[in-house]
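Chemist: Sharing a structure, written as structure tokens. Questions coming.
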Amino acid sequence: MEGVSNNVHGVILAISSSIFIGSSFVIKKQGLKKAGANGKRAGSGGHSYLLEPCWWAGMLSMIVGEGANFAAYAYAPAVLVTPLGALSMIVSAVLAHFILKERLHMFGIVGCLLCVVGSVTIVLHAPLEKSIQSVKDVWYLATAPGFLAYTFTVLVLILILTVRYVPRFGQSHLVVYIGICSLAGSLTVMGVKAIGIAIKLTIEGQNQFKYFETWVFIVLVLIFCLLQLNYLNKALDTFNTAVVSPIYYVMFTTLTILASMIMFKDYVHQNATQIITELCGFVTILCGTFLLHKTKDMGNNPSIPLPVIVPTTDMDCKQESKTTKVTVEV
């Protein structure tokens with residue numbers, strides 16, 4: 001029953017987190033637009049948004065959301081908490097529709113609903129939180145060969161994207177900025193979970209901050225958070241918010257679930273039915289994201305009128321034929 005109770009606490013915190021984070025996307029976008037009107041845009045390397053109060057309000061909303069998310073990971077597995085990020089995507093798309101005038105097409109609404117249905121499916125079949133008695137247990141899992149291989153692969157990919165692809169394709173391909181954010185985010189979540197567990201155990205009377213492993217996790221989380229923040233700002237300033245949110249959600253969720261599977265082995269105690277159901281839920285999320293992406297501009301552009309076809313008579317056709325013939329002879 002303790003595992004179930006922990007999962008419930010994790011879900012409540014994750015939902016609260018998603019509302020704050022989803023709102024922060026739109027508030028920060030407003031700040032970026034105001035800063036871009038008065039100085040160099042963030043997408044072009046400018047940092048004038050740091051002087052914009054609206055951007056800082058969005059940043060505060062994101063910090064509160066991340067704090068709730070931070071606590072959620074201490075109570076529930078990443079496989080349960082991460083998919084609830086779909087709610088932040090819905091909040092962001094709806095607010096962008098009304099505040100930023102980034103119109104959401106009807107099919108975009110259907111895409112949002114599919115994302116929610118897929119997330120609920122995953123949550124209902126998520127594994128229970130694994131019992132961890134010390135941050136040293138998390139360190140042991142993080143230094144296992146499988147997760148070290150994953151970490152090395154992620155770092156190499158981030159380096160390649162940053163050095164080779166950002167200068168060439170950053171302004172035209174959303175996947176470059178979001179790829180960096182998502183790759184770094186998957187490692188950030190693992191570190192956040194370790195720190196959350198350390199804080200939870202410390203509050204319960206088992207001080208975990210006397211171990212150097214806790215401080216290593218803290219330093220790594222700070223580094224990856226700054227990296228994510230930088231490239232997320234670039235993505236928001238360059239591309240439509242209603243597109244950034246779902247794409248970021250899918251890539252971040254996919255990589256985080258993969259990292260959690262490798263590090264915590266969440267699926268060891270699940271049967272085939274539960275795993276297949278979760279995969280179906282994830283495919284549903286992908287379908288919803290595809291709809292959002294394909295209809296991102298349909299809400300902003302007016303409908304193109306269909307050409308009017310005027311029926312012609314046989315007499316008109318004959319007369320046109322004669323006219324053409326005369327023109328050719330002359």
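Order determines the names: the first chain of the structure tokens is A, the second B, and so forth; residues in each chain are numbered 1 upward, and ligands are numbered 1 upward as they are shown.
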Residues within 8 Å of stretch 205-215 of chain A, please, as a list in words. Count only C-alpha atoms; anything in the same chain fewer than 6 positions from it doesn't count.
Modeler: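 Contacts, with the query itself left out: Ser134, Val135, Lys136, Trp139, Ala194, Ile195, Ala198 and Ile199 of chain A.
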Chemist: Going by DSSP on the backbone, which bits of stretch 65-95 of chain A are alpha helix (DSSP H)? Write them as a list in words, please.
Modeler: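 The alpha helix (DSSP H) residues within stretch 65-95 of chain A come out as Gly65, Glu66, Gly67, Ala68, Asn69, Phe70, Ala71, Ala72, Tyr73, Ala74, Tyr75, Ala78, Val79, Leu80, Val81, Ala86, Leu87, Ser88, Met89, Ile90, Val91, Ser92, Ala93, Val94 and Leu95 of chain A.
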Chemist: Restricting the output to N, CA and C atoms, write the selected residues as an mmCIF file, in the first residue's frame.
Modeler:
```
data_model
loop_
_atom_site.group_PDB
_atom_site.id
_atom_site.type_symbol
_atom_site.label_atom_id
_atom_site.label_comp_id
_atom_site.auth_asym_id
_atom_site.auth_seq_id
_atom_site.Cartn_x
_atom_site.Cartn_y
_atom_site.Cartn_z
ATOM 1 N N GLY A 65 6.783 25.155 -10.960
ATOM 2 C CA GLY A 65 6.393 23.892 -11.586
ATOM 3 C C GLY A 65 7.467 22.835 -11.470
ATOM 4 N N GLU A 66 8.714 23.244 -11.702
ATOM 5 C CA GLU A 66 9.816 22.286 -11.595
ATOM 6 C C GLU A 66 10.005 21.821 -10.156
ATOM 7 N N GLY A 67 9.707 22.708 -9.196
ATOM 8 C CA GLY A 67 9.790 22.305 -7.791
ATOM 9 C C GLY A 67 8.788 21.212 -7.472
ATOM 10 N N ALA A 68 7.546 21.390 -7.957
ATOM 11 C CA ALA A 68 6.528 20.354 -7.760
ATOM 12 C C ALA A 68 6.917 19.071 -8.492
ATOM 13 N N ASN A 69 7.476 19.244 -9.674
ATOM 14 C CA ASN A 69 7.926 18.083 -10.444
ATOM 15 C C ASN A 69 9.068 17.369 -9.736
ATOM 16 N N PHE A 70 9.937 18.166 -9.156
ATOM 17 C CA PHE A 70 11.075 17.652 -8.383
ATOM 18 C C PHE A 70 10.571 16.749 -7.262
ATOM 19 N N ALA A 71 9.559 17.243 -6.548
ATOM 20 C CA ALA A 71 9.004 16.459 -5.440
ATOM 21 C C ALA A 71 8.295 15.204 -5.945
ATOM 22 N N ALA A 72 7.650 15.304 -7.102
ATOM 23 C CA ALA A 72 6.917 14.157 -7.656
ATOM 24 C C ALA A 72 7.854 12.988 -7.928
ATOM 25 N N TYR A 73 9.052 13.288 -8.428
ATOM 26 C CA TYR A 73 10.013 12.216 -8.736
ATOM 27 C C TYR A 73 10.521 11.523 -7.478
ATOM 28 N N ALA A 74 10.418 12.190 -6.339
ATOM 29 C CA ALA A 74 10.849 11.568 -5.086
ATOM 30 C C ALA A 74 9.849 10.518 -4.615
ATOM 31 N N TYR A 75 8.601 10.633 -5.097
ATOM 32 C CA TYR A 75 7.548 9.720 -4.630
ATOM 33 C C TYR A 75 7.168 8.650 -5.651
ATOM 34 N N ALA A 78 9.759 7.526 -12.686
ATOM 35 C CA ALA A 78 9.758 8.448 -13.819
ATOM 36 C C ALA A 78 8.757 8.027 -14.888
ATOM 37 N N VAL A 79 8.524 6.733 -15.021
ATOM 38 C CA VAL A 79 7.570 6.233 -16.013
ATOM 39 C C VAL A 79 6.165 6.735 -15.718
ATOM 40 N N LEU A 80 5.865 7.015 -14.473
ATOM 41 C CA LEU A 80 4.551 7.537 -14.086
ATOM 42 C C LEU A 80 4.498 9.059 -14.161
ATOM 43 N N VAL A 81 5.531 9.721 -13.669
ATOM 44 C CA VAL A 81 5.519 11.184 -13.569
ATOM 45 C C VAL A 81 5.693 11.852 -14.933
ATOM 46 N N ALA A 86 2.140 15.804 -20.484
ATOM 47 C CA ALA A 86 1.175 16.095 -21.553
ATOM 48 C C ALA A 86 0.238 17.209 -21.135
ATOM 49 N N LEU A 87 -0.069 17.282 -19.856
ATOM 50 C CA LEU A 87 -0.967 18.329 -19.384
ATOM 51 C C LEU A 87 -0.350 19.706 -19.585
ATOM 52 N N SER A 88 0.960 19.838 -19.402
ATOM 53 C CA SER A 88 1.621 21.126 -19.625
ATOM 54 C C SER A 88 1.538 21.513 -21.094
ATOM 55 N N MET A 89 1.594 20.522 -21.967
ATOM 56 C CA MET A 89 1.472 20.784 -23.394
ATOM 57 C C MET A 89 0.084 21.304 -23.736
ATOM 58 N N ILE A 90 -0.940 20.728 -23.111
ATOM 59 C CA ILE A 90 -2.317 21.170 -23.359
ATOM 60 C C ILE A 90 -2.510 22.592 -22.832
ATOM 61 N N VAL A 91 -2.040 22.841 -21.616
ATOM 62 C CA VAL A 91 -2.159 24.176 -21.024
ATOM 63 C C VAL A 91 -1.461 25.210 -21.901
ATOM 64 N N SER A 92 -0.268 24.866 -22.369
ATOM 65 C CA SER A 92 0.500 25.779 -23.204
ATOM 66 C C SER A 92 -0.217 26.077 -24.517
ATOM 67 N N ALA A 93 -0.737 25.029 -25.181
ATOM 68 C CA ALA A 93 -1.407 25.217 -26.474
ATOM 69 C C ALA A 93 -2.674 26.057 -26.327
ATOM 70 N N VAL A 94 -3.447 25.799 -25.261
ATOM 71 C CA VAL A 94 -4.694 26.541 -25.052
ATOM 72 C C VAL A 94 -4.412 28.004 -24.730
ATOM 73 N N LEU A 95 -3.457 28.261 -23.844
ATOM 74 C CA LEU A 95 -3.120 29.640 -23.495
ATOM 75 C C LEU A 95 -2.534 30.381 -24.697
#
```
Chemist: Quick one, how far is atom CA of A:Ile158 from atom CA of A:Ile180?
Modeler: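 The value is 5.6 Å.
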Chemist: For A:Ala57, find every residue with an atom within 10 Å (counting only C-alpha atoms), except residues of its own chain fewer than 6 positions away, and show them as a list in words.
Modeler: Ser24, Ile27, Lys28, Gly31 and Ile63 of chain A
Chemist: I need the chosen residues saved as an mmCIF file, in the first residue's frame, with N, CA, C and O atoms.
Modeler:
```
data_model
loop_
_atom_site.group_PDB
_atom_site.id
_atom_site.type_symbol
_atom_site.label_atom_id
_atom_site.label_comp_id
_atom_site.auth_asym_id
_atom_site.auth_seq_id
_atom_site.Cartn_x
_atom_site.Cartn_y
_atom_site.Cartn_z
ATOM 1 N N SER A 24 4.116 28.741 -18.032
ATOM 2 C CA SER A 24 5.399 29.439 -18.160
ATOM 3 C C SER A 24 5.833 29.564 -19.614
ATOM 4 O O SER A 24 6.472 30.552 -19.998
ATOM 5 N N ILE A 27 4.020 32.663 -20.957
ATOM 6 C CA ILE A 27 4.473 33.904 -20.311
ATOM 7 C C ILE A 27 5.885 34.261 -20.769
ATOM 8 O O ILE A 27 6.190 35.418 -21.083
ATOM 9 N N LYS A 28 6.759 33.254 -20.844
ATOM 10 C CA LYS A 28 8.123 33.501 -21.307
ATOM 11 C C LYS A 28 8.144 33.919 -22.776
ATOM 12 O O LYS A 28 8.946 34.764 -23.185
ATOM 13 N N GLY A 31 7.469 37.503 -22.975
ATOM 14 C CA GLY A 31 8.667 38.254 -22.606
ATOM 15 C C GLY A 31 9.710 38.268 -23.717
ATOM 16 O O GLY A 31 10.351 39.287 -23.976
ATOM 17 N N ILE A 63 9.877 27.681 -12.338
ATOM 18 C CA ILE A 63 10.596 27.225 -11.143
ATOM 19 C C ILE A 63 9.630 26.546 -10.175
ATOM 20 O O ILE A 63 9.941 25.489 -9.609
#
```
Chemist: Tell me, as a short mmCIF file (atom, residue, chain, number, x, y, z; two decimals) with all heavy atoms, in the first residue's frame, which residues lie within 12 Å of A:Ser245, counting only C-alpha atoms; anything in the same chain fewer than 3 positions away does not count.
Modeler:
```
data_model
loop_
_atom_site.label_atom_id
_atom_site.label_comp_id
_atom_site.auth_asym_id
_atom_site.auth_seq_id
_atom_site.Cartn_x
_atom_site.Cartn_y
_atom_site.Cartn_z
N SER A 18 2.61 20.47 -14.03
CA SER A 18 2.29 20.66 -15.45
C SER A 18 1.53 21.96 -15.69
O SER A 18 1.74 22.63 -16.70
CB SER A 18 1.48 19.47 -15.96
OG SER A 18 2.24 18.28 -15.92
N ILE A 21 4.16 24.80 -15.41
CA ILE A 21 5.12 24.75 -16.51
C ILE A 21 4.46 25.12 -17.83
O ILE A 21 5.01 25.86 -18.65
CB ILE A 21 5.78 23.37 -16.59
CG1 ILE A 21 6.67 23.13 -15.36
CG2 ILE A 21 6.60 23.23 -17.87
CD1 ILE A 21 7.28 21.75 -15.29
N GLY A 22 3.24 24.62 -18.06
CA GLY A 22 2.53 24.95 -19.29
C GLY A 22 2.28 26.44 -19.41
O GLY A 22 2.40 27.04 -20.48
N SER A 23 1.94 27.07 -18.29
CA SER A 23 1.72 28.53 -18.30
C SER A 23 3.02 29.28 -18.54
O SER A 23 3.03 30.32 -19.21
CB SER A 23 1.13 28.97 -16.95
OG SER A 23 -0.08 28.29 -16.67
N SER A 24 4.12 28.74 -18.03
CA SER A 24 5.40 29.44 -18.16
C SER A 24 5.83 29.56 -19.61
O SER A 24 6.47 30.55 -20.00
CB SER A 24 6.48 28.71 -17.35
OG SER A 24 6.89 27.52 -17.99
N PHE A 25 5.52 28.57 -20.44
CA PHE A 25 5.89 28.64 -21.86
C PHE A 25 5.33 29.91 -22.50
O PHE A 25 6.02 30.63 -23.22
CB PHE A 25 5.36 27.42 -22.61
CG PHE A 25 6.24 26.21 -22.52
CD1 PHE A 25 5.88 25.14 -21.73
CD2 PHE A 25 7.42 26.13 -23.22
CE1 PHE A 25 6.67 24.02 -21.64
CE2 PHE A 25 8.23 25.02 -23.15
CZ PHE A 25 7.86 23.95 -22.35
N VAL A 26 4.05 30.16 -22.24
CA VAL A 26 3.37 31.29 -22.86
C VAL A 26 3.86 32.62 -22.27
O VAL A 26 4.10 33.59 -23.00
CB VAL A 26 1.84 31.16 -22.70
CG1 VAL A 26 1.12 32.37 -23.26
CG2 VAL A 26 1.35 29.89 -23.37
N LYS A 29 7.27 33.33 -23.57
CA LYS A 29 7.18 33.70 -24.98
C LYS A 29 6.80 35.17 -25.12
O LYS A 29 7.35 35.90 -25.96
CB LYS A 29 6.14 32.83 -25.68
CG LYS A 29 5.91 33.16 -27.15
CD LYS A 29 6.93 32.52 -28.05
CE LYS A 29 6.57 32.74 -29.51
NZ LYS A 29 7.35 31.92 -30.42
N GLY A 85 3.45 15.15 -18.22
CA GLY A 85 3.86 16.39 -18.86
C GLY A 85 2.95 16.76 -20.02
O GLY A 85 2.98 17.90 -20.51
N ALA A 86 2.14 15.80 -20.48
CA ALA A 86 1.18 16.09 -21.55
C ALA A 86 0.24 17.21 -21.14
O ALA A 86 -0.20 18.02 -21.98
CB ALA A 86 0.37 14.83 -21.90
N LEU A 87 -0.07 17.28 -19.86
CA LEU A 87 -0.97 18.33 -19.38
C LEU A 87 -0.35 19.71 -19.58
O LEU A 87 -1.04 20.67 -19.93
CB LEU A 87 -1.31 18.11 -17.91
CG LEU A 87 -2.27 19.12 -17.27
CD1 LEU A 87 -3.58 19.15 -18.03
CD2 LEU A 87 -2.51 18.77 -15.81
N SER A 88 0.96 19.84 -19.40
CA SER A 88 1.62 21.13 -19.63
C SER A 88 1.54 21.51 -21.09
O SER A 88 1.41 22.70 -21.43
CB SER A 88 3.08 21.06 -19.17
OG SER A 88 3.84 20.24 -20.02
N MET A 89 1.59 20.52 -21.97
CA MET A 89 1.47 20.78 -23.39
C MET A 89 0.08 21.30 -23.74
O MET A 89 -0.07 22.25 -24.52
CB MET A 89 1.75 19.50 -24.18
CG MET A 89 1.63 19.62 -25.68
SD MET A 89 1.88 18.02 -26.47
CE MET A 89 0.45 17.12 -25.85
N ILE A 90 -0.94 20.73 -23.11
CA ILE A 90 -2.32 21.17 -23.36
C ILE A 90 -2.51 22.59 -22.83
O ILE A 90 -3.07 23.46 -23.52
CB ILE A 90 -3.32 20.22 -22.68
CG1 ILE A 90 -3.09 18.77 -23.14
CG2 ILE A 90 -4.74 20.66 -22.98
CD1 ILE A 90 -3.14 18.58 -24.61
N VAL A 91 -2.04 22.84 -21.62
CA VAL A 91 -2.16 24.18 -21.02
C VAL A 91 -1.46 25.21 -21.90
O VAL A 91 -2.00 26.29 -22.18
CB VAL A 91 -1.56 24.18 -19.60
CG1 VAL A 91 -1.49 25.61 -19.06
CG2 VAL A 91 -2.40 23.32 -18.67
N SER A 92 -0.27 24.87 -22.37
CA SER A 92 0.50 25.78 -23.20
C SER A 92 -0.22 26.08 -24.52
O SER A 92 -0.31 27.23 -24.95
CB SER A 92 1.88 25.17 -23.49
OG SER A 92 2.61 25.98 -24.36
N ALA A 93 -0.74 25.03 -25.18
CA ALA A 93 -1.41 25.22 -26.47
C ALA A 93 -2.67 26.06 -26.33
O ALA A 93 -2.96 26.93 -27.15
CB ALA A 93 -1.74 23.86 -27.08
N VAL A 94 -3.45 25.80 -25.26
CA VAL A 94 -4.69 26.54 -25.05
C VAL A 94 -4.41 28.00 -24.73
O VAL A 94 -5.05 28.92 -25.29
CB VAL A 94 -5.53 25.88 -23.93
CG1 VAL A 94 -6.72 26.76 -23.57
CG2 VAL A 94 -6.01 24.51 -24.36
N LEU A 95 -3.46 28.26 -23.84
CA LEU A 95 -3.12 29.64 -23.50
C LEU A 95 -2.53 30.38 -24.70
O LEU A 95 -2.81 31.57 -24.90
CB LEU A 95 -2.13 29.66 -22.33
CG LEU A 95 -2.68 29.24 -20.96
CD1 LEU A 95 -1.59 29.29 -19.91
CD2 LEU A 95 -3.85 30.13 -20.54
N ALA A 96 -1.72 29.68 -25.49
CA ALA A 96 -1.15 30.31 -26.69
C ALA A 96 -2.26 30.68 -27.67
O ALA A 96 -2.18 31.69 -28.38
CB ALA A 96 -0.16 29.37 -27.35
N CYS A 112 -4.45 17.14 -28.98
CA CYS A 112 -4.29 17.34 -27.53
C CYS A 112 -5.03 16.25 -26.75
O CYS A 112 -4.50 15.69 -25.78
CB CYS A 112 -4.80 18.71 -27.12
SG CYS A 112 -3.78 20.09 -27.69
N CYS A 115 -3.20 12.99 -26.85
CA CYS A 115 -2.05 13.02 -25.95
C CYS A 115 -2.48 12.73 -24.51
O CYS A 115 -1.80 12.00 -23.77
CB CYS A 115 -1.35 14.36 -26.03
SG CYS A 115 -0.48 14.64 -27.59
N LEU A 174 13.45 22.48 -35.94
CA LEU A 174 13.12 22.48 -34.50
C LEU A 174 13.80 21.35 -33.75
O LEU A 174 14.16 21.49 -32.58
CB LEU A 174 11.60 22.38 -34.35
CG LEU A 174 11.04 22.22 -32.93
CD1 LEU A 174 11.40 23.43 -32.09
CD2 LEU A 174 9.53 22.03 -32.99
N VAL A 175 13.98 20.21 -34.42
CA VAL A 175 14.49 19.02 -33.75
C VAL A 175 15.90 19.22 -33.20
O VAL A 175 16.32 18.53 -32.27
CB VAL A 175 14.46 17.82 -34.72
CG1 VAL A 175 15.51 17.95 -35.80
CG2 VAL A 175 14.65 16.50 -33.97
N ILE A 178 15.42 21.18 -29.73
CA ILE A 178 14.65 20.31 -28.83
C ILE A 178 15.40 19.01 -28.56
O ILE A 178 15.28 18.45 -27.47
CB ILE A 178 13.26 20.02 -29.44
CG1 ILE A 178 12.46 21.31 -29.57
CG2 ILE A 178 12.49 19.03 -28.57
CD1 ILE A 178 12.29 22.07 -28.28
N CYS A 181 17.76 19.74 -25.73
CA CYS A 181 17.00 19.86 -24.49
C CYS A 181 16.55 18.50 -23.97
O CYS A 181 16.63 18.22 -22.76
CB CYS A 181 15.76 20.74 -24.71
SG CYS A 181 16.11 22.48 -25.00
N SER A 182 16.07 17.66 -24.85
CA SER A 182 15.53 16.36 -24.45
C SER A 182 16.61 15.40 -23.99
O SER A 182 16.44 14.68 -23.00
CB SER A 182 14.74 15.74 -25.60
OG SER A 182 13.70 16.59 -26.02
N LEU A 232 16.15 25.82 -24.89
CA LEU A 232 14.69 25.94 -24.88
C LEU A 232 14.28 27.38 -25.21
O LEU A 232 13.30 27.61 -25.93
CB LEU A 232 14.13 25.53 -23.52
CG LEU A 232 12.60 25.54 -23.38
CD1 LEU A 232 11.96 24.64 -24.43
CD2 LEU A 232 12.18 25.12 -21.98
N ALA A 235 14.52 27.78 -28.91
CA ALA A 235 13.42 27.11 -29.60
C ALA A 235 12.14 27.93 -29.50
O ALA A 235 11.41 28.10 -30.48
CB ALA A 235 13.22 25.71 -29.02
N LEU A 236 11.84 28.46 -28.31
CA LEU A 236 10.62 29.24 -28.11
C LEU A 236 10.64 30.53 -28.91
O LEU A 236 9.61 30.98 -29.41
CB LEU A 236 10.44 29.56 -26.62
CG LEU A 236 9.96 28.42 -25.72
CD1 LEU A 236 10.05 28.83 -24.26
CD2 LEU A 236 8.54 28.01 -26.07
N PHE A 239 10.41 29.27 -32.96
CA PHE A 239 9.31 28.47 -33.49
C PHE A 239 8.01 28.70 -32.72
O PHE A 239 8.02 29.25 -31.61
CB PHE A 239 9.68 26.97 -33.45
CG PHE A 239 10.93 26.64 -34.21
CD1 PHE A 239 12.14 26.51 -33.55
CD2 PHE A 239 10.90 26.46 -35.58
CE1 PHE A 239 13.30 26.21 -34.24
CE2 PHE A 239 12.05 26.17 -36.29
CZ PHE A 239 13.27 26.04 -35.61
N ASN A 240 6.92 28.24 -33.30
CA ASN A 240 5.59 28.38 -32.72
C ASN A 240 5.50 27.61 -31.40
O ASN A 240 5.88 26.44 -31.33
CB ASN A 240 4.56 27.85 -33.73
CG ASN A 240 3.14 28.19 -33.34
OD1 ASN A 240 2.72 27.93 -32.22
ND2 ASN A 240 2.40 28.76 -34.26
N THR A 241 4.96 28.26 -30.37
CA THR A 241 4.85 27.62 -29.05
C THR A 241 4.02 26.34 -29.09
O THR A 241 4.33 25.36 -28.42
CB THR A 241 4.21 28.60 -28.04
OG1 THR A 241 4.93 29.83 -28.06
CG2 THR A 241 4.25 28.03 -26.63
N ALA A 242 2.94 26.37 -29.87
CA ALA A 242 2.05 25.21 -29.96
C ALA A 242 2.75 24.01 -30.58
O ALA A 242 2.28 22.88 -30.46
CB ALA A 242 0.80 25.56 -30.76
N TYR A 248 8.72 18.81 -27.86
CA TYR A 248 9.59 18.70 -26.69
C TYR A 248 9.07 17.62 -25.74
O TYR A 248 9.84 16.81 -25.20
CB TYR A 248 9.65 20.05 -25.98
CG TYR A 248 10.52 20.08 -24.74
CD1 TYR A 248 11.77 19.48 -24.74
CD2 TYR A 248 10.09 20.71 -23.58
CE1 TYR A 248 12.57 19.51 -23.61
CE2 TYR A 248 10.88 20.75 -22.45
CZ TYR A 248 12.12 20.15 -22.46
OH TYR A 248 12.91 20.17 -21.35
N TYR A 249 7.75 17.60 -25.58
CA TYR A 249 7.14 16.61 -24.68
C TYR A 249 7.44 15.18 -25.14
O TYR A 249 7.85 14.33 -24.36
CB TYR A 249 5.63 16.83 -24.61
CG TYR A 249 4.89 15.68 -23.97
CD1 TYR A 249 4.91 15.52 -22.59
CD2 TYR A 249 4.21 14.74 -24.74
CE1 TYR A 249 4.26 14.46 -22.00
CE2 TYR A 249 3.56 13.69 -24.15
CZ TYR A 249 3.58 13.54 -22.78
OH TYR A 249 2.95 12.48 -22.20
N VAL A 250 7.22 14.91 -26.43
CA VAL A 250 7.40 13.54 -26.93
C VAL A 250 8.86 13.11 -26.85
O VAL A 250 9.18 12.01 -26.36
CB VAL A 250 6.90 13.43 -28.38
CG1 VAL A 250 7.32 12.11 -29.01
CG2 VAL A 250 5.38 13.54 -28.42
N MET A 251 9.78 13.97 -27.29
CA MET A 251 11.19 13.60 -27.27
C MET A 251 11.70 13.46 -25.83
O MET A 251 12.42 12.50 -25.50
CB MET A 251 12.01 14.64 -28.03
CG MET A 251 11.73 14.68 -29.52
SD MET A 251 12.81 15.82 -30.42
CE MET A 251 14.38 15.00 -30.25
N PHE A 252 11.32 14.41 -24.98
CA PHE A 252 11.75 14.37 -23.58
C PHE A 252 11.19 13.14 -22.87
O PHE A 252 11.91 12.44 -22.15
CB PHE A 252 11.29 15.65 -22.88
CG PHE A 252 11.52 15.65 -21.40
CD1 PHE A 252 12.79 15.81 -20.88
CD2 PHE A 252 10.46 15.49 -20.51
CE1 PHE A 252 13.01 15.81 -19.51
CE2 PHE A 252 10.66 15.49 -19.15
CZ PHE A 252 11.94 15.65 -18.65
N THR A 253 9.89 12.85 -23.09
CA THR A 253 9.27 11.69 -22.45
C THR A 253 9.88 10.38 -22.91
O THR A 253 10.17 9.49 -22.11
CB THR A 253 7.76 11.68 -22.73
OG1 THR A 253 7.17 12.89 -22.28
CG2 THR A 253 7.08 10.52 -22.03
N THR A 289 0.58 14.09 -31.15
CA THR A 289 1.64 15.05 -31.46
C THR A 289 1.75 15.27 -32.96
O THR A 289 1.98 16.39 -33.43
CB THR A 289 2.98 14.55 -30.90
OG1 THR A 289 2.85 14.31 -29.50
CG2 THR A 289 4.08 15.57 -31.14
N LEU A 292 -0.94 17.64 -34.00
CA LEU A 292 -0.60 19.01 -33.61
C LEU A 292 0.44 19.61 -34.55
O LEU A 292 0.35 20.77 -34.94
CB LEU A 292 -0.06 19.02 -32.18
CG LEU A 292 -1.09 19.08 -31.04
CD1 LEU A 292 -0.40 18.85 -29.72
CD2 LEU A 292 -1.81 20.41 -31.04
N HIS A 293 1.42 18.81 -34.91
CA HIS A 293 2.51 19.30 -35.76
C HIS A 293 2.02 19.59 -37.17
O HIS A 293 2.36 20.62 -37.76
CB HIS A 293 3.63 18.27 -35.80
CG HIS A 293 4.79 18.68 -36.64
ND1 HIS A 293 5.59 19.77 -36.33
CD2 HIS A 293 5.28 18.17 -37.80
CE1 HIS A 293 6.52 19.90 -37.25
NE2 HIS A 293 6.36 18.95 -38.15
N LYS A 296 -0.25 22.84 -37.38
CA LYS A 296 0.23 23.99 -36.62
C LYS A 296 -0.07 25.33 -37.30
O LYS A 296 -0.27 26.34 -36.63
CB LYS A 296 1.72 23.87 -36.35
CG LYS A 296 2.61 23.93 -37.59
CD LYS A 296 4.07 23.78 -37.21
CE LYS A 296 5.00 23.94 -38.41
NZ LYS A 296 4.80 22.94 -39.44
#
```
Chemist: For A:Val123, list every protein, DNA or RNA residue within 12 Å, evaluated using only C-alpha atoms, and leave out those in the same chain fewer than 3 positions away; present the list as an MDAnalysis selection string.
Modeler: chainID A and resid 7:8 10:11 14:15 76:86 116:120 126:128 274:275 277:279 281:282
Chemist: Residues near A:Phe224, anyone? I mean within 8 Å using only C-alpha atoms, not counting same-chain ones fewer than 4 positions away, as a ChimeraX atom specification.
Modeler: /A:184-185,187-188,220,228
Chemist: Go ahead and save the picked residues with N, CA and C atoms, as a short mmCIF file (atom, residue, chain, number, x, y, z; two decimals), in the first residue's frame.
Modeler:
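Final file, part_28.cif:
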```cif
data_model
loop_
_atom_site.label_atom_id
_atom_site.label_comp_id
_atom_site.auth_asym_id
_atom_site.auth_seq_id
_atom_site.Cartn_x
_atom_site.Cartn_y
_atom_site.Cartn_z
N ALA A 184 19.60 16.20 -22.75
CA ALA A 184 20.07 16.67 -21.44
C ALA A 184 19.00 16.46 -20.38
N GLY A 185 17.73 16.61 -20.77
CA GLY A 185 16.64 16.45 -19.81
C GLY A 185 16.51 15.05 -19.26
N LEU A 187 18.89 12.98 -18.60
CA LEU A 187 19.88 12.83 -17.53
C LEU A 187 19.53 13.70 -16.33
N THR A 188 18.94 14.87 -16.61
CA THR A 188 18.52 15.76 -15.53
C THR A 188 17.50 15.08 -14.62
N LEU A 220 25.63 18.03 -11.35
CA LEU A 220 25.25 17.59 -12.69
C LEU A 220 23.87 18.13 -13.10
N GLN A 228 19.67 23.05 -20.86
CA GLN A 228 18.29 22.96 -21.33
C GLN A 228 17.66 24.35 -21.47
#
```
Chemist: From the options A:Met263, A:His173, A:Val166, A:Thr295, which residue's atoms come nearest to A:Tyr140, counting only C-alpha atoms?
Modeler: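 Going through A:Met263, A:His173, A:Val166, A:Thr295 one by one, the smallest distance to A:Tyr140 is for A:Met263.
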Chemist: Please, what distance in Å, to one decimal, runs between atom CA of A:Val221 and atom CA of A:Val192?
Modeler: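 It comes out at 6.7 Å.
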Chemist: Smallest atom-to-atom distance to A:Gly170: which of A:Lys265, A:Arg41, A:Lys234, A:Lys193, using only C-alpha atoms?
Modeler: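 That would be A:Lys234, the residue with the smallest distance to A:Gly170.
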Chemist: In Å to one decimal, how far is atom CA of A:Gln30 from atom CA of A:Thr238?
Modeler: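 Spanning atom CA of A:Thr238 to atom CA of A:Gln30 is a straight-line distance of 12.8 Å.
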